[in-house]
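Undergrad: Have a peek at entry-v8.cif (mmCIF, C-alpha atoms).
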```cif
data_final
#
loop_
_atom_site.label_atom_id
_atom_site.label_comp_id
_atom_site.auth_asym_id
_atom_site.auth_seq_id
_atom_site.Cartn_x
_atom_site.Cartn_y
_atom_site.Cartn_z
CA MET A 1 -14.67 16.96 -5.79
CA LYS A 2 -11.16 18.23 -5.17
CA THR A 3 -10.85 21.51 -3.30
CA THR A 4 -8.03 24.03 -3.06
CA THR A 5 -7.43 27.68 -2.20
CA PRO A 6 -9.03 30.46 -4.26
CA ALA A 7 -5.55 31.62 -5.32
CA CYS A 8 -4.66 28.14 -6.55
CA ALA A 9 -8.00 27.77 -8.38
CA THR A 10 -7.41 31.10 -10.13
CA LEU A 11 -3.89 30.03 -11.04
CA LEU A 12 -5.08 26.76 -12.59
CA GLN A 13 -7.75 28.56 -14.60
CA THR A 14 -5.72 31.50 -15.88
CA VAL A 15 -2.02 30.60 -16.15
CA ARG A 16 -0.77 28.49 -19.04
CA GLN A 17 2.61 27.52 -17.56
CA ILE A 18 2.28 25.84 -14.17
CA PHE A 19 4.93 24.18 -12.01
CA MET A 20 3.92 21.29 -9.75
CA VAL A 21 5.54 19.53 -6.80
CA GLU A 22 4.34 16.59 -4.74
CA LEU A 23 4.34 16.94 -0.97
CA LEU A 24 4.21 13.93 1.37
CA THR A 25 3.29 14.10 5.04
CA LEU A 26 4.22 11.07 7.14
CA THR A 27 2.51 10.93 10.55
CA MET A 28 3.99 8.39 12.97
CA PRO A 29 1.89 6.43 15.49
CA ASP A 30 3.24 8.64 18.30
CA GLY A 31 2.03 11.78 16.50
CA ALA A 32 5.42 12.92 15.16
CA THR A 33 5.12 14.46 11.69
CA ILE A 34 7.67 14.30 8.88
CA ARG A 35 7.21 16.33 5.69
CA TRP A 36 9.08 15.49 2.50
CA SER A 37 9.10 17.35 -0.80
CA CYS A 38 9.63 15.59 -4.11
CA GLY A 39 11.52 18.69 -5.25
CA ASP A 40 15.12 19.62 -4.58
CA VAL A 41 14.34 22.63 -2.36
CA ALA A 42 12.32 23.19 0.81
CA ILE A 43 8.66 24.09 0.15
CA PRO A 44 7.01 26.36 2.75
CA TYR A 45 3.22 26.58 2.80
CA ALA A 46 0.52 27.34 5.39
CA GLY A 47 2.97 27.42 8.27
CA ASN A 48 4.62 24.08 7.41
CA THR A 49 7.76 23.25 5.46
CA TRP A 50 8.37 20.18 3.30
CA VAL A 51 12.07 19.42 2.96
CA PRO A 52 13.87 17.37 0.29
CA GLY A 53 13.92 13.77 1.48
CA PRO A 54 14.13 10.40 -0.21
CA ILE A 55 13.58 9.86 -3.92
CA ILE A 56 9.90 8.95 -4.12
CA GLU A 57 8.04 6.83 -6.64
CA ARG A 58 4.37 6.02 -6.45
CA GLU A 59 1.63 4.38 -8.45
CA SER A 60 -1.27 6.34 -9.88
CA VAL A 61 -4.25 6.79 -7.57
CA LYS A 62 -7.66 5.44 -8.56
CA LEU A 63 -10.66 7.40 -7.30
CA SER A 64 -14.11 5.86 -7.00
CA THR A 65 -17.47 6.64 -5.45
CA GLY A 66 -18.47 4.59 -2.42
CA ILE A 67 -16.53 2.87 0.35
CA GLU A 68 -14.10 0.83 -1.73
CA VAL A 69 -10.71 0.45 -0.06
CA THR A 70 -8.21 1.93 -2.51
CA SER A 71 -4.45 1.58 -2.16
CA CYS A 72 -1.30 3.15 -3.52
CA MET A 73 2.18 1.66 -3.69
CA VAL A 74 4.87 4.14 -2.64
CA THR A 75 8.61 3.51 -2.89
CA PHE A 76 11.24 5.48 -1.00
CA HIS A 77 14.85 5.39 -2.20
CA ALA A 78 17.09 6.72 0.56
CA ASP A 79 20.52 6.67 2.12
CA ALA A 80 21.44 7.00 5.79
CA SER A 81 20.91 10.79 5.72
CA VAL A 82 17.12 10.36 5.53
CA THR A 83 15.85 9.56 9.02
CA VAL A 84 12.60 8.71 10.78
CA SER A 85 12.46 9.29 14.53
CA GLY A 86 16.22 9.71 14.49
CA VAL A 87 16.79 6.37 12.73
CA PRO A 88 17.78 5.96 9.04
CA LEU A 89 14.64 5.33 6.98
CA LEU A 90 15.62 1.85 5.76
CA GLN A 91 16.57 0.76 9.25
CA ALA A 92 13.38 2.23 10.70
CA ALA A 93 11.28 0.32 8.17
CA ARG A 94 13.16 -2.88 8.96
CA ARG A 95 12.45 -2.37 12.66
CA GLY A 96 8.74 -1.95 11.96
CA LEU A 97 8.58 1.72 12.98
CA LEU A 98 6.42 2.56 9.94
CA GLY A 99 3.68 0.19 11.07
CA GLY A 100 0.50 2.12 11.85
CA ALA A 101 1.84 5.37 10.37
CA SER A 102 -0.27 7.38 7.94
CA LEU A 103 0.81 9.03 4.69
CA LYS A 104 -0.81 11.97 2.91
CA VAL A 105 0.05 12.92 -0.66
CA GLU A 106 -0.65 16.44 -1.93
CA LYS A 107 0.32 18.34 -5.04
CA GLY A 108 1.37 21.99 -4.86
CA PHE A 109 1.08 24.50 -7.71
CA THR A 110 2.85 27.73 -8.63
CA ASP A 111 3.51 29.78 -11.77
CA ASP A 112 7.14 30.41 -10.84
CA PRO A 113 9.50 27.86 -9.22
CA LEU A 114 11.12 30.70 -7.28
CA SER A 115 7.78 31.83 -5.81
CA PRO A 116 5.74 30.22 -2.98
CA ILE A 117 3.11 27.71 -4.04
CA ALA A 118 -0.40 29.11 -4.39
CA GLY A 119 -2.12 26.11 -2.88
CA THR A 120 -2.31 22.34 -2.76
CA VAL A 121 -4.67 19.63 -3.96
CA HIS A 122 -5.20 16.51 -1.85
CA LEU A 123 -4.40 13.37 -3.88
CA PHE A 124 -4.43 10.46 -1.47
CA GLU A 125 -4.26 9.62 2.22
CA GLY A 126 -4.18 6.38 4.13
CA ARG A 127 -2.39 4.05 6.52
CA ILE A 128 0.82 2.20 5.72
CA GLY A 129 0.24 -1.54 5.51
CA GLU A 130 2.74 -4.05 4.19
CA VAL A 131 6.34 -2.84 4.01
CA GLU A 132 9.13 -4.46 2.00
CA VAL A 133 12.74 -3.39 2.54
CA ASN A 134 15.76 -4.04 0.33
CA SER A 135 19.28 -2.65 0.31
CA THR A 136 18.40 0.82 -1.02
CA SER A 137 14.64 1.30 -0.89
CA VAL A 138 11.43 0.79 1.04
CA HIS A 139 8.21 -0.31 -0.69
CA CYS A 140 5.01 0.58 1.18
CA GLU A 141 1.41 -0.30 0.47
CA VAL A 142 -0.75 2.61 1.63
CA LYS A 143 -4.44 1.76 2.09
CA SER A 144 -7.15 4.41 2.28
CA PHE A 145 -8.80 5.06 5.64
CA THR A 146 -11.97 3.31 4.46
CA GLU A 147 -10.11 0.17 5.50
CA VAL A 148 -11.12 0.86 9.12
CA LEU A 149 -14.72 0.09 8.11
CA ASP A 150 -13.67 -3.54 7.64
CA THR A 151 -14.63 -4.50 11.20
CA MET A 152 -16.62 -7.34 12.69
CA ILE A 153 -20.36 -6.65 12.95
CA PRO A 154 -21.75 -6.89 15.57
CA ARG A 155 -18.72 -5.67 17.50
CA ASN A 156 -19.72 -7.41 20.75
CA VAL A 157 -20.45 -11.14 20.69
CA TYR A 158 -20.97 -13.76 23.36
CA GLN A 159 -17.68 -15.57 23.95
CA ALA A 160 -15.82 -16.98 26.92
CA SER A 161 -12.79 -14.66 26.62
CA CYS A 162 -12.84 -10.93 27.37
CA LEU A 163 -13.77 -8.61 24.51
CA HIS A 164 -11.70 -5.67 25.79
CA THR A 165 -8.25 -4.78 24.52
CA LEU A 166 -5.70 -4.96 27.32
CA TYR A 167 -4.89 -1.44 28.61
CA GLY A 168 -7.62 0.01 26.39
CA ALA A 169 -10.41 2.32 27.50
CA GLY A 170 -12.81 -0.54 28.15
CA CYS A 171 -10.23 -2.53 30.12
CA GLY A 172 -9.23 0.45 32.26
CA VAL A 173 -5.94 -1.07 33.50
CA ALA A 174 -3.06 1.44 33.48
CA LYS A 175 -0.30 0.24 31.16
CA ALA A 176 2.47 2.27 32.84
CA ALA A 177 1.70 0.64 36.18
CA ASN A 178 2.14 -2.86 34.74
CA GLY A 179 5.52 -2.51 33.06
CA ILE A 180 9.10 -2.71 34.29
CA ASN A 181 12.39 -1.50 32.82
CA LEU A 182 15.06 -4.15 32.30
CA GLN A 183 18.42 -4.54 30.59
CA VAL A 184 19.67 -7.26 28.29
CA GLN A 185 22.14 -9.63 29.90
CA ALA A 186 24.71 -11.89 28.30
CA GLY A 187 23.74 -15.30 26.94
CA GLY A 188 20.62 -14.38 24.99
CA THR A 189 19.74 -14.23 21.30
CA SER A 190 17.57 -12.07 19.07
CA SER A 191 14.54 -14.19 20.01
CA THR A 192 15.36 -15.10 23.62
CA LEU A 193 16.37 -12.32 26.01
CA LYS A 194 18.26 -12.97 29.21
CA CYS A 195 17.39 -10.37 31.84
CA ALA A 196 16.75 -9.87 35.56
CA VAL A 197 13.05 -10.68 35.33
CA THR A 198 11.68 -12.72 38.22
CA GLY A 199 8.87 -15.21 38.49
CA ALA A 200 7.28 -16.96 35.52
CA GLY A 201 4.24 -16.42 33.32
CA VAL A 202 3.60 -12.83 34.42
CA TYR A 203 4.62 -11.39 31.04
CA ASP A 204 3.28 -14.17 28.84
CA LEU A 205 1.44 -12.59 25.85
CA GLY A 206 2.75 -9.19 26.92
CA GLU A 207 4.56 -6.50 24.95
CA LEU A 208 8.20 -5.49 24.93
CA VAL A 209 9.56 -2.14 23.68
CA PHE A 210 13.27 -1.32 23.37
CA ILE A 211 14.23 2.14 24.63
CA SER A 212 17.94 2.05 23.82
CA GLY A 213 20.46 0.19 21.69
CA VAL A 214 20.37 -0.94 18.07
CA ASN A 215 16.69 -2.01 18.39
CA GLN A 216 15.46 1.26 19.88
CA GLY A 217 11.75 1.69 19.17
CA VAL A 218 11.22 -1.95 18.17
CA ARG A 219 8.17 -3.69 19.66
CA ARG A 220 7.71 -7.42 20.06
CA ALA A 221 5.12 -9.68 21.64
CA VAL A 222 6.35 -11.90 24.48
CA LYS A 223 5.59 -15.55 23.85
CA GLN A 224 6.78 -16.93 27.15
CA HIS A 225 8.18 -15.61 30.43
CA THR A 226 10.33 -17.91 32.53
CA ALA A 227 12.83 -17.18 35.28
CA SER A 228 15.44 -14.67 34.00
CA GLN A 229 14.27 -15.10 30.40
CA LEU A 230 11.77 -13.72 27.90
CA VAL A 231 11.00 -15.62 24.70
CA LEU A 232 9.75 -13.38 21.87
CA SER A 233 7.08 -14.30 19.33
CA PHE A 234 9.30 -13.02 16.48
CA PRO A 235 13.06 -12.40 16.48
CA LEU A 236 14.40 -8.86 16.73
CA PRO A 237 15.77 -7.34 13.52
CA ASP A 238 19.22 -7.02 15.15
CA ALA A 239 20.86 -8.93 17.97
CA PRO A 240 20.64 -6.76 21.12
CA GLY A 241 23.76 -5.76 22.99
CA VAL A 242 24.42 -6.38 26.65
CA GLY A 243 23.04 -3.40 28.59
CA ASP A 244 20.39 -2.43 26.03
CA SER A 245 17.29 -1.23 27.89
CA PHE A 246 13.70 -2.21 27.27
CA THR A 247 10.29 -2.03 28.93
CA VAL A 248 8.13 -5.14 29.20
CA TYR A 249 4.42 -5.05 30.03
CA LYS A 250 2.24 -7.75 31.54
CA GLY A 251 0.14 -9.81 29.15
CA CYS A 252 -3.36 -11.22 29.38
CA ASP A 253 -4.94 -14.37 27.96
CA LYS A 254 -8.42 -12.78 28.28
CA THR A 255 -9.67 -15.31 30.84
CA LEU A 256 -11.59 -14.49 34.01
CA ALA A 257 -8.94 -16.17 36.18
CA THR A 258 -6.12 -14.02 34.75
CA CYS A 259 -8.18 -10.84 35.00
CA LYS A 260 -8.78 -11.55 38.68
CA ALA A 261 -5.34 -12.83 39.73
CA LYS A 262 -3.05 -10.62 37.66
CA PHE A 263 -4.97 -7.34 37.38
CA ALA A 264 -7.75 -7.46 40.04
CA ASN A 265 -10.04 -6.07 37.34
CA VAL A 266 -12.98 -8.47 37.36
CA VAL A 267 -15.45 -5.59 37.55
CA ARG A 268 -14.49 -4.67 33.96
CA PHE A 269 -14.21 -8.22 32.61
CA LYS A 270 -16.28 -8.42 29.42
CA GLY A 271 -16.36 -12.12 28.71
CA PHE A 272 -18.95 -14.82 29.23
CA PRO A 273 -17.01 -17.77 30.66
CA PHE A 274 -20.12 -19.74 31.55
CA VAL A 275 -21.54 -19.84 28.03
CA PRO A 276 -21.48 -23.50 26.92
CA ALA A 277 -19.18 -24.38 24.04
CA PRO A 278 -21.15 -24.80 20.76
CA GLU A 279 -20.32 -28.50 20.53
CA THR A 280 -21.75 -29.15 24.03
CA ALA A 281 -24.82 -26.91 23.99
CA VAL A 282 -28.13 -28.78 23.65
#
```
Kindly present the structure from the file in structure tokens form.
TA:
Amino acid sequence: MKTTTPACATLLQTVRQIFMVELLTLTMPDGATIRWSCGDVAIPYAGNTWVPGPIIERESVKLSTGIEVTSCMVTFHADASVTVSGVPLLQAARRGLLGGASLKVEKGFTDDPLSPIAGTVHLFEGRIGEVEVNSTSVHCEVKSFTEVLDTMIPRNVYQASCLHTLYGAGCGVAKAANGINLQVQAGGTSSTLKCAVTGAGVYDLGELVFISGVNQGVRRAVKQHTASQLVLSFPLPDAPGVGDSFTVYKGCDKTLATCKAKFANVVRFKGFPFVPAPETAV
């Protein structure tokens, strides 16, 4: 059942001419909220304001009873004036900044386009999945939150490698204490960064986040760390400039030896390294 405010319910039941506007709320992984109106004016309601943003197209939403994972394709047509986290929308999507964001679609109602809306009706909400970018638009597949129920059962199994997520609550290792700030040096490419990193192997399977330059906000996994060089698992969307800053965090291969030598965190290791491999167990 859809719910709304008493004023909006009365409006829908008694007024013959009704004006509608769709309101989209984009919540970024860092908690930042962006509100766009499909109209050509700002729409204030309940202490929030939805401003005109990109031209928005979306598929119809199918509703069903149960835990089926429904999805909705949403397309944003935008120029450089429409930004996300200070970056033009198309560029932000190309950098992967929309990954993990959530999108809520509501419809507002009023009997006069010059009057405030009487209330809203929730249409759809979910997480942004696959994103396709072309020269003028961004196509997003938004999957309902029932998708999070698609998890492995049982969650904990017997395996040699650790079950915890590095820097997660179960792991307990502080992420900030295991990262360093570096700058891009000359001689690298979009997939191999030259920098003043020392040693080798410390940042294998780690994470890298740019904090300045054309790739600001972009995250990449580190495939290999060698002396003065970091090889990325996937190339950056744009070639970094000399002096661009980034933070790189140590990685973990989920083995007992790495947990002990790199993080001194054996007390929280949640693997079973002495379980025989299936092909050798008798």
Undergrad: Go through segment 157-245 of chain A and flag each residue having an atom no more than 10 Å from segment 79-100 of chain A; for those, report the closest pair of atoms plus their distance in Å to one decimal, using all atoms listed in the file, ordered by chain and rising number, as a tab-separated table.
TA:
```
residue	atom	partner	partner_atom	distance
A:Val214	CA	A:Arg95	CA	9.7
A:Asn215	CA	A:Arg95	CA	7.1
A:Gln216	CA	A:Arg95	CA	8.6
A:Gly217	CA	A:Leu97	CA	7.0
A:Val218	CA	A:Arg95	CA	5.7
A:Arg219	CA	A:Gly96	CA	7.9
A:Arg220	CA	A:Gly96	CA	9.8
A:Leu236	CA	A:Arg95	CA	7.9
A:Pro237	CA	A:Arg95	CA	6.0
A:Asp238	CA	A:Arg95	CA	8.6
```
Undergrad: Export, as a PDB file, in the coordinates of the input, the selected residues with C-alpha atoms.
TA:
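Result saved to result29.pdb:
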```pdb
ATOM      1  CA  VAL A 214      20.370  -0.940  18.070  1.00  0.00           C
ATOM      2  CA  ASN A 215      16.690  -2.010  18.390  1.00  0.00           C
ATOM      3  CA  GLN A 216      15.460   1.260  19.880  1.00  0.00           C
ATOM      4  CA  GLY A 217      11.750   1.690  19.170  1.00  0.00           C
ATOM      5  CA  VAL A 218      11.220  -1.950  18.170  1.00  0.00           C
ATOM      6  CA  ARG A 219       8.170  -3.690  19.660  1.00  0.00           C
ATOM      7  CA  ARG A 220       7.710  -7.420  20.060  1.00  0.00           C
ATOM      8  CA  LEU A 236      14.400  -8.860  16.730  1.00  0.00           C
ATOM      9  CA  PRO A 237      15.770  -7.340  13.520  1.00  0.00           C
ATOM     10  CA  ASP A 238      19.220  -7.020  15.150  1.00  0.00           C
TER      11      ASP A 238
END
```
Undergrad: What gap, in Å, lies between atom CA of Gln185 of chain A and atom CA of Gln229 of chain A?
TA: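 These two atoms are separated by 9.6 Å.
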Undergrad: Given only C-alpha atoms as the basis, pick out the residue of A:Ala239, A:Val138, A:Leu23, A:Leu205 nearest to Leu123 of chain A.
TA: A:Leu23
Undergrad: Just checking: using all atoms listed in the file, which residue out of A:Val197, A:Ala7, A:Ala78, A:Ala160 ends up closest to Thr120 of chain A?
TA: A:Ala7
Undergrad: Mind checking which residues fall within 8 Å of Ser228 of chain A, counting all atoms listed in the file, ignoring those fewer than 5 positions away in the same chain, and posting them as a list in words?
TA: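 After dropping sequence-adjacent residues, the list is Lys194, Cys195, Ala196, Val197, Thr198 and Gly199 of chain A.
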Undergrad: Any chance you could work out the residue set of the PyMOL selection byres ((chain A and resi 212) around 6) here, as a VMD selection string?
TA: chain A and resid 210 to 211 213 216 244 to 245
Undergrad: Nearest residue to Gly188 of chain A out of A:Val231, A:Val202, A:Lys270, A:Val173, using all atoms listed in the file?
TA: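 Checking each candidate against Gly188 of chain A, we get A:Val231 as the closest.
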Undergrad: Could you expand the PyMOL selection byres ((chain A and resi 42-44) around 12) into the explicit residues it covers here, written as a PyMOL selection string?
TA: chain A and resi 20-24+35-41+45-53+107-110+113-120
